[in-house]
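Structure first, then comments.
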Amino acid sequence: MTRRLAVLLSLLAAVAAPALAGQKPWTSDDVLGLKVVSDPQVSPDGRLVAYVVESLNGDHDAYQTDVWLVPTANGEARPLASSPVGDDTPRWSPDNRWVAFLSERPRPGTTSDEASEAKRQVWLIRPDGGEAVPLTSAPGSVSDLEWSADGKTIAFIAREPKSDERKRREKEKDDAWTPSEAYGWNRLWAIDVATRQPRQLTTGRLHVTGLSLSPDGQTVAFAGQPTPLIPDAFRSDIYTIPAAGGVPTALVARKGSDNAPAWSPDGKWLAFVSQDGRGEEWYTNNYASVVPSSGGAPRSLTASLDERIGGLGGSALAWMPDSAAVLFPVVWRTAAHVYRATLDGKVEPLTSGPEVNGAPSIDRKGETLVFLREDSVTPREVWAQPLGAAPIARGAKRRAATTSPRALTDTNPQVRDLLSFPKELVTWKGASGWDMEGLLVYPPGYAKGSRVPLALNVHGGPAGTHSNTFTPGPRLWGWPLFAQAGYAIFFPNPRGSGGYGEKFRAANVRDWGVKDYEDLMAGVDALVERAVADPERLSVNGWSYGGFMTSTIVTKTGRFKSAIVGAAVTNLASFTGTADIPEFARSYFASWPWEDPKVYVERSALFHAGSVKTPSLVVHGDKDERVPVSQGWEFYNALKAIGVPTDLLILPRQPHGIREPKLLRTCHERFLRWTETHTRGK
């Protein structure tokens, strides 16, 4: 092993000597060993919270999920449903006696063939102890479930399995297929909890993506789209169907996406997330909307809120128990908050501050709000807040300290012994004088006024957002390893980012790689002017749209000494013809490649590769359907042909997001090695 490589890998190795609390350097294993908390569900009586914890399995070659319980009063968290396979999606019975959840654990009496297409099923467990028991044996895997208000019925969504004819043809290797024959349809089901008798409710050309049971248990509302194709989510409508079986009735059918239905406790309303009939564009706002459950005109509750519904914990809506308002998460600048919208259209935040909050859940009395919270130095945990702590109106006085939010869980106590990496909010003027925001992480022990190497990271989307999330959280990049090696890390939000309103999010339509590029470079210039970034030691990296921008940046400037081009769109025309979201580029460029080939060529790094000077590592998962691996090969081969230092890191079995811990560790090593070698000559 060379001395340089040995020095580099020592940054990733565990520190043998004991360190002071909060001063221990991070290792790659520390990053990958972080547990991730999600999906908190408060019990109807408000006493307990069920939630999901994702952690490394025993072999450290995959991640597994388990269901945990924690009291809302003082008490220790404990595992409720734990197994070597996935346990998730906990849902309380209305009487608090059971938790239904989804699990991939083997069911008694099933064969391996049956289990292969029906791994995830609904299981039941008592919160006060006992063994989990299977409830469903659907022919395909289950993806969502909900109890009826009387506890007698559970509705769920299950994937339709391959037909016997298809299985026979595959066995005989006579299995040619067309795209429409390969669709994996989601079907709506209901099951009687006492008798274990299931009923399939939907068939045909209707793909189910969300569901909600009426309080009386007699009707199921669901979101359905014409095919399982991702772009058809923009053609999703809201339907109802009798829980005993029948014909679906369209309740909301119009342009754009209408999904995520949620029935009000009084049975009078259905809330849902909607584009409000405005069309099928990928960058527009959506809204929390309602429609009378008996039928009628839908209306938006959040027309006054210039942002999308969604964020940490997805875009699900949660009703207040009095049926007068709904709760939902919203990304707001570099933070995220839980909001409440009343039926008369009043919209207000229930959380405040620089933290990232989401995934709201409320007890039956409407007294306790449970949600997820994290910030740059605090990992994501389950928090609780009495609703009296909410700022009811602008300028309202905060209630007594006893009503402040508090953490219920402490899932990663080991981070208190490790270095912390606060994110500092930075601002600058972008192209055309627009105000820009971003976040900056300094290397440990940074002295003000000293210039250090800078790693510019561009987020995905392009409507993603760099938020004040826990800095070591992203498993792919291993940011503590970069900071400990002496880098400042810059997380900018250029035009096109989410969290700043629809006009800002749509500002890069037909303009990818132009003014958003200028916004990014202006941010780097601002850090150089502030004597933080060393202009001779700049690196750039990004994934997905961030990879697109990285590939674009190196065609426009030679100021960056190294680049990591992750899962990047490098040829917009071939991307449109091979990705699972062909309409995506059509939306952002207001044309198909054959309608306006010029704009596709002008905005594709491949056709400008001849100007690249920056050593660029190209990285791609070989099972990526969102941005096919051919995009990486095209750019790599172009750089190789013109003699630019390059390499192509292929990650076997990986889709658009990298999942396997050993491959993530490889990314940590390769990313830092490439950056150090070409940025600082180490």
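Numbering starts fresh at 1 for the residues of each chain in the structure tokens, the chains themselves are lettered A, B, ... in the order given, and ligands are numbered from 1 as they appear.
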Skip Phe490 in chain A itself and residues of its chain fewer than 6 positions away, then list as a short mmCIF file (atom, residue, chain, number, x, y, z; two decimals) with N, CA and C atoms, in the first residue's frame all residues within 12 Å of it, counting only C-alpha atoms.
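Result saved to selection_28.cif:
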data_model
loop_
_atom_site.label_atom_id
_atom_site.label_comp_id
_atom_site.auth_asym_id
_atom_site.auth_seq_id
_atom_site.Cartn_x
_atom_site.Cartn_y
_atom_site.Cartn_z
N LYS A 423 -24.22 23.53 10.51
CA LYS A 423 -24.38 24.18 9.20
C LYS A 423 -24.68 25.65 9.42
N GLU A 424 -23.91 26.49 8.79
CA GLU A 424 -24.11 27.94 8.89
C GLU A 424 -24.89 28.42 7.67
N LEU A 425 -25.92 29.22 7.91
CA LEU A 425 -26.68 29.79 6.81
C LEU A 425 -25.87 30.89 6.15
N VAL A 426 -25.73 30.83 4.82
CA VAL A 426 -25.02 31.86 4.06
C VAL A 426 -25.93 32.39 2.97
N THR A 427 -25.77 33.65 2.64
CA THR A 427 -26.57 34.28 1.60
C THR A 427 -25.66 35.01 0.62
N GLU A 437 -29.68 31.43 -0.96
CA GLU A 437 -29.32 30.88 0.34
C GLU A 437 -28.60 29.55 0.17
N GLY A 438 -27.79 29.24 1.15
CA GLY A 438 -27.15 27.95 1.19
C GLY A 438 -26.66 27.67 2.60
N LEU A 439 -26.02 26.54 2.78
CA LEU A 439 -25.51 26.13 4.08
C LEU A 439 -24.04 25.79 3.94
N LEU A 440 -23.26 26.10 4.97
CA LEU A 440 -21.83 25.89 4.92
C LEU A 440 -21.38 25.12 6.16
N VAL A 441 -20.58 24.08 5.95
CA VAL A 441 -19.96 23.32 7.03
C VAL A 441 -18.46 23.61 7.01
N TYR A 442 -17.91 23.97 8.16
CA TYR A 442 -16.48 24.24 8.27
C TYR A 442 -15.74 22.97 8.73
N PRO A 443 -14.47 22.86 8.39
CA PRO A 443 -13.68 21.76 8.95
C PRO A 443 -13.47 21.97 10.44
N VAL A 452 -9.52 27.49 3.07
CA VAL A 452 -9.44 26.03 3.08
C VAL A 452 -10.01 25.48 1.78
N PRO A 453 -9.70 24.24 1.44
CA PRO A 453 -10.31 23.62 0.26
C PRO A 453 -11.83 23.60 0.41
N LEU A 454 -12.52 23.73 -0.70
CA LEU A 454 -13.99 23.76 -0.68
C LEU A 454 -14.54 22.63 -1.54
N ALA A 455 -15.54 21.90 -0.98
CA ALA A 455 -16.29 20.92 -1.74
C ALA A 455 -17.69 21.49 -1.98
N LEU A 456 -18.01 21.79 -3.22
CA LEU A 456 -19.33 22.27 -3.62
C LEU A 456 -20.21 21.07 -3.93
N ASN A 457 -21.33 20.93 -3.22
CA ASN A 457 -22.27 19.83 -3.48
C ASN A 457 -23.57 20.40 -4.01
N VAL A 458 -24.01 19.90 -5.16
CA VAL A 458 -25.26 20.36 -5.78
C VAL A 458 -26.32 19.29 -5.54
N HIS A 459 -27.48 19.71 -5.02
CA HIS A 459 -28.52 18.74 -4.68
C HIS A 459 -29.24 18.23 -5.92
N HIS A 466 -31.32 21.78 -0.13
CA HIS A 466 -30.35 21.54 0.94
C HIS A 466 -30.93 22.14 2.22
N SER A 467 -31.22 21.27 3.19
CA SER A 467 -31.85 21.71 4.44
C SER A 467 -30.92 21.52 5.62
N THR A 471 -25.84 16.68 9.55
CA THR A 471 -24.77 16.72 8.55
C THR A 471 -24.21 15.35 8.20
N TRP A 479 -19.94 13.06 4.68
CA TRP A 479 -19.43 14.43 4.81
C TRP A 479 -18.46 14.61 5.98
N PHE A 482 -14.94 14.27 4.73
CA PHE A 482 -14.44 15.42 3.99
C PHE A 482 -14.06 16.55 4.94
N ALA A 483 -14.93 16.84 5.91
CA ALA A 483 -14.64 17.94 6.83
C ALA A 483 -13.39 17.65 7.64
N LEU A 520 -24.78 29.24 -8.67
CA LEU A 520 -23.80 28.42 -7.96
C LEU A 520 -22.43 29.07 -7.95
N MET A 521 -22.00 29.57 -9.10
CA MET A 521 -20.68 30.19 -9.16
C MET A 521 -20.62 31.47 -8.33
N GLY A 523 -22.21 31.91 -5.58
CA GLY A 523 -22.07 31.44 -4.21
C GLY A 523 -20.64 31.06 -3.88
N VAL A 524 -19.97 30.37 -4.80
CA VAL A 524 -18.56 30.03 -4.60
C VAL A 524 -17.73 31.30 -4.53
N ASP A 525 -18.01 32.26 -5.42
CA ASP A 525 -17.27 33.53 -5.39
C ASP A 525 -17.44 34.23 -4.05
N ALA A 526 -18.66 34.17 -3.50
CA ALA A 526 -18.91 34.83 -2.22
C ALA A 526 -18.06 34.22 -1.11
N LEU A 527 -17.88 32.90 -1.14
CA LEU A 527 -17.06 32.24 -0.12
C LEU A 527 -15.58 32.52 -0.33
N VAL A 528 -15.18 32.72 -1.57
CA VAL A 528 -13.79 33.14 -1.83
C VAL A 528 -13.58 34.56 -1.31
N VAL A 532 -12.96 32.27 2.97
CA VAL A 532 -13.21 30.91 3.45
C VAL A 532 -12.66 29.89 2.45
N ALA A 533 -13.03 30.03 1.18
CA ALA A 533 -12.63 29.06 0.15
C ALA A 533 -11.33 29.47 -0.50
N LEU A 538 -10.61 24.00 -5.25
CA LEU A 538 -12.06 23.84 -5.33
C LEU A 538 -12.40 22.49 -5.94
N SER A 539 -13.42 21.84 -5.39
CA SER A 539 -13.94 20.59 -5.96
C SER A 539 -15.45 20.71 -6.06
N VAL A 540 -16.05 19.90 -6.91
CA VAL A 540 -17.50 19.94 -7.10
C VAL A 540 -18.01 18.51 -7.21
N ASN A 541 -19.20 18.28 -6.67
CA ASN A 541 -19.81 16.95 -6.77
C ASN A 541 -21.32 17.07 -6.69
N GLY A 542 -22.00 16.02 -7.08
CA GLY A 542 -23.46 16.01 -7.00
C GLY A 542 -24.02 14.72 -7.54
#
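The list of residues with at least one atom within 7 Å of Gln654 in chain A, based on only C-alpha atoms and without residues fewer than 6 positions apart in the same chain, reads Gly621, Asp622, Lys623 and Asp624 of chain A.
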May I have the residues within 12 Å of Ala336 in chain A as JSON, numbers by chain, using only C-alpha atoms and disregarding those fewer than 3 positions away in the same chain?
{"A": [307, 308, 309, 310, 311, 312, 313, 314, 328, 329, 330, 331, 332, 333, 339, 349, 350, 351, 352, 353, 354, 355, 356, 357, 358, 359, 360, 371, 372, 373, 374, 375, 465, 466, 467, 468, 469, 498, 499, 500]}
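Using only C-alpha atoms, the nearest neighbour of Ile238 in chain A within the list A:Lys24, A:Arg510, A:Arg196, A:Lys255 is A:Lys255.
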Please return, as a ChimeraX atom specification, all residues of range 439-525 of chain A that DSSP assigns to strand (DSSP E) on the basis of the backbone.
/A:439-441,452-458,488-493
Please save all heavy atoms of the selected residues as a compact mmCIF listing (two decimals), in the first residue's frame.
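Okay, this is what ended up in result02.txt:
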# COMPACT_ATOMS: atom_id res chain seq x y z
N LEU A 439 -26.02 26.54 2.78
CA LEU A 439 -25.51 26.13 4.08
C LEU A 439 -24.04 25.79 3.94
O LEU A 439 -23.61 25.23 2.92
CB LEU A 439 -26.30 24.94 4.61
CG LEU A 439 -27.78 25.23 4.90
CD1 LEU A 439 -28.58 23.93 4.96
CD2 LEU A 439 -27.95 26.02 6.18
N LEU A 440 -23.26 26.10 4.97
CA LEU A 440 -21.83 25.89 4.92
C LEU A 440 -21.38 25.12 6.16
O LEU A 440 -21.76 25.47 7.29
CB LEU A 440 -21.11 27.23 4.86
CG LEU A 440 -19.58 27.20 4.78
CD1 LEU A 440 -19.12 26.57 3.47
CD2 LEU A 440 -19.01 28.61 4.94
N VAL A 441 -20.58 24.08 5.95
CA VAL A 441 -19.96 23.32 7.03
C VAL A 441 -18.46 23.61 7.01
O VAL A 441 -17.82 23.49 5.95
CB VAL A 441 -20.22 21.81 6.88
CG1 VAL A 441 -19.39 21.00 7.87
CG2 VAL A 441 -21.71 21.51 7.07
N VAL A 452 -9.52 27.49 3.07
CA VAL A 452 -9.44 26.03 3.08
C VAL A 452 -10.01 25.48 1.78
O VAL A 452 -10.73 26.18 1.04
CB VAL A 452 -10.23 25.45 4.28
CG1 VAL A 452 -9.59 25.86 5.60
CG2 VAL A 452 -11.69 25.89 4.23
N PRO A 453 -9.70 24.24 1.44
CA PRO A 453 -10.31 23.62 0.26
C PRO A 453 -11.83 23.60 0.41
O PRO A 453 -12.35 23.46 1.52
CB PRO A 453 -9.74 22.20 0.26
CG PRO A 453 -8.54 22.25 1.12
CD PRO A 453 -8.78 23.32 2.13
N LEU A 454 -12.52 23.73 -0.70
CA LEU A 454 -13.99 23.76 -0.68
C LEU A 454 -14.54 22.63 -1.54
O LEU A 454 -14.11 22.42 -2.67
CB LEU A 454 -14.50 25.10 -1.24
CG LEU A 454 -16.03 25.26 -1.23
CD1 LEU A 454 -16.53 25.50 0.18
CD2 LEU A 454 -16.46 26.40 -2.16
N ALA A 455 -15.54 21.90 -0.98
CA ALA A 455 -16.29 20.92 -1.74
C ALA A 455 -17.69 21.49 -1.98
O ALA A 455 -18.45 21.68 -1.03
CB ALA A 455 -16.37 19.60 -0.98
N LEU A 456 -18.01 21.79 -3.22
CA LEU A 456 -19.33 22.27 -3.62
C LEU A 456 -20.21 21.07 -3.93
O LEU A 456 -19.87 20.27 -4.80
CB LEU A 456 -19.22 23.18 -4.84
CG LEU A 456 -20.51 23.49 -5.61
CD1 LEU A 456 -21.48 24.29 -4.73
CD2 LEU A 456 -20.20 24.23 -6.90
N ASN A 457 -21.33 20.93 -3.22
CA ASN A 457 -22.27 19.83 -3.48
C ASN A 457 -23.57 20.40 -4.01
O ASN A 457 -24.18 21.27 -3.38
CB ASN A 457 -22.53 19.03 -2.20
CG ASN A 457 -23.55 17.93 -2.42
OD1 ASN A 457 -24.70 18.05 -2.04
ND2 ASN A 457 -23.12 16.84 -3.04
N VAL A 458 -24.01 19.90 -5.16
CA VAL A 458 -25.26 20.36 -5.78
C VAL A 458 -26.32 19.29 -5.54
O VAL A 458 -26.11 18.10 -5.81
CB VAL A 458 -25.08 20.60 -7.29
CG1 VAL A 458 -26.33 21.26 -7.87
CG2 VAL A 458 -23.84 21.46 -7.55
N ALA A 488 -14.08 22.66 3.73
CA ALA A 488 -15.37 23.27 3.96
C ALA A 488 -16.32 22.70 2.91
O ALA A 488 -15.92 22.43 1.77
CB ALA A 488 -15.29 24.79 3.84
N ILE A 489 -17.58 22.50 3.30
CA ILE A 489 -18.55 21.89 2.38
C ILE A 489 -19.67 22.90 2.18
O ILE A 489 -20.28 23.38 3.15
CB ILE A 489 -19.09 20.56 2.93
CG1 ILE A 489 -17.93 19.64 3.35
CG2 ILE A 489 -19.96 19.87 1.90
CD1 ILE A 489 -18.35 18.53 4.29
N PHE A 490 -19.98 23.19 0.93
CA PHE A 490 -20.96 24.21 0.56
C PHE A 490 -22.18 23.54 -0.04
O PHE A 490 -22.07 22.80 -1.02
CB PHE A 490 -20.32 25.18 -0.43
CG PHE A 490 -21.20 26.33 -0.84
CD1 PHE A 490 -22.11 26.90 0.04
CD2 PHE A 490 -21.10 26.87 -2.12
CE1 PHE A 490 -22.91 27.96 -0.34
CE2 PHE A 490 -21.89 27.93 -2.51
CZ PHE A 490 -22.80 28.48 -1.62
N PHE A 491 -23.36 23.82 0.56
CA PHE A 491 -24.64 23.25 0.12
C PHE A 491 -25.55 24.38 -0.35
O PHE A 491 -26.35 24.91 0.45
CB PHE A 491 -25.30 22.48 1.26
CG PHE A 491 -24.48 21.37 1.86
CD1 PHE A 491 -23.84 21.55 3.08
CD2 PHE A 491 -24.37 20.14 1.22
CE1 PHE A 491 -23.10 20.53 3.64
CE2 PHE A 491 -23.64 19.11 1.79
CZ PHE A 491 -22.99 19.30 2.99
N PRO A 492 -25.49 24.80 -1.61
CA PRO A 492 -26.29 25.93 -2.07
C PRO A 492 -27.67 25.51 -2.59
O PRO A 492 -27.88 24.37 -3.00
CB PRO A 492 -25.44 26.49 -3.22
CG PRO A 492 -24.75 25.26 -3.77
CD PRO A 492 -24.54 24.32 -2.61
N ASN A 493 -28.60 26.45 -2.56
CA ASN A 493 -29.93 26.26 -3.13
C ASN A 493 -30.13 27.25 -4.29
O ASN A 493 -30.67 28.35 -4.09
CB ASN A 493 -31.01 26.47 -2.07
CG ASN A 493 -31.08 25.33 -1.07
OD1 ASN A 493 -30.80 24.19 -1.41
ND2 ASN A 493 -31.45 25.65 0.16
Extract the full set of alpha helix (DSSP H) residues from range 110-275 of chain A according to DSSP on the backbone, and format it as a list in words.
Ser112, Asp113, Glu114, Ala115, Ser116, Glu117, Asp164, Glu165, Arg166, Lys167, Arg168, Arg169, Glu170 and Lys171 of chain A
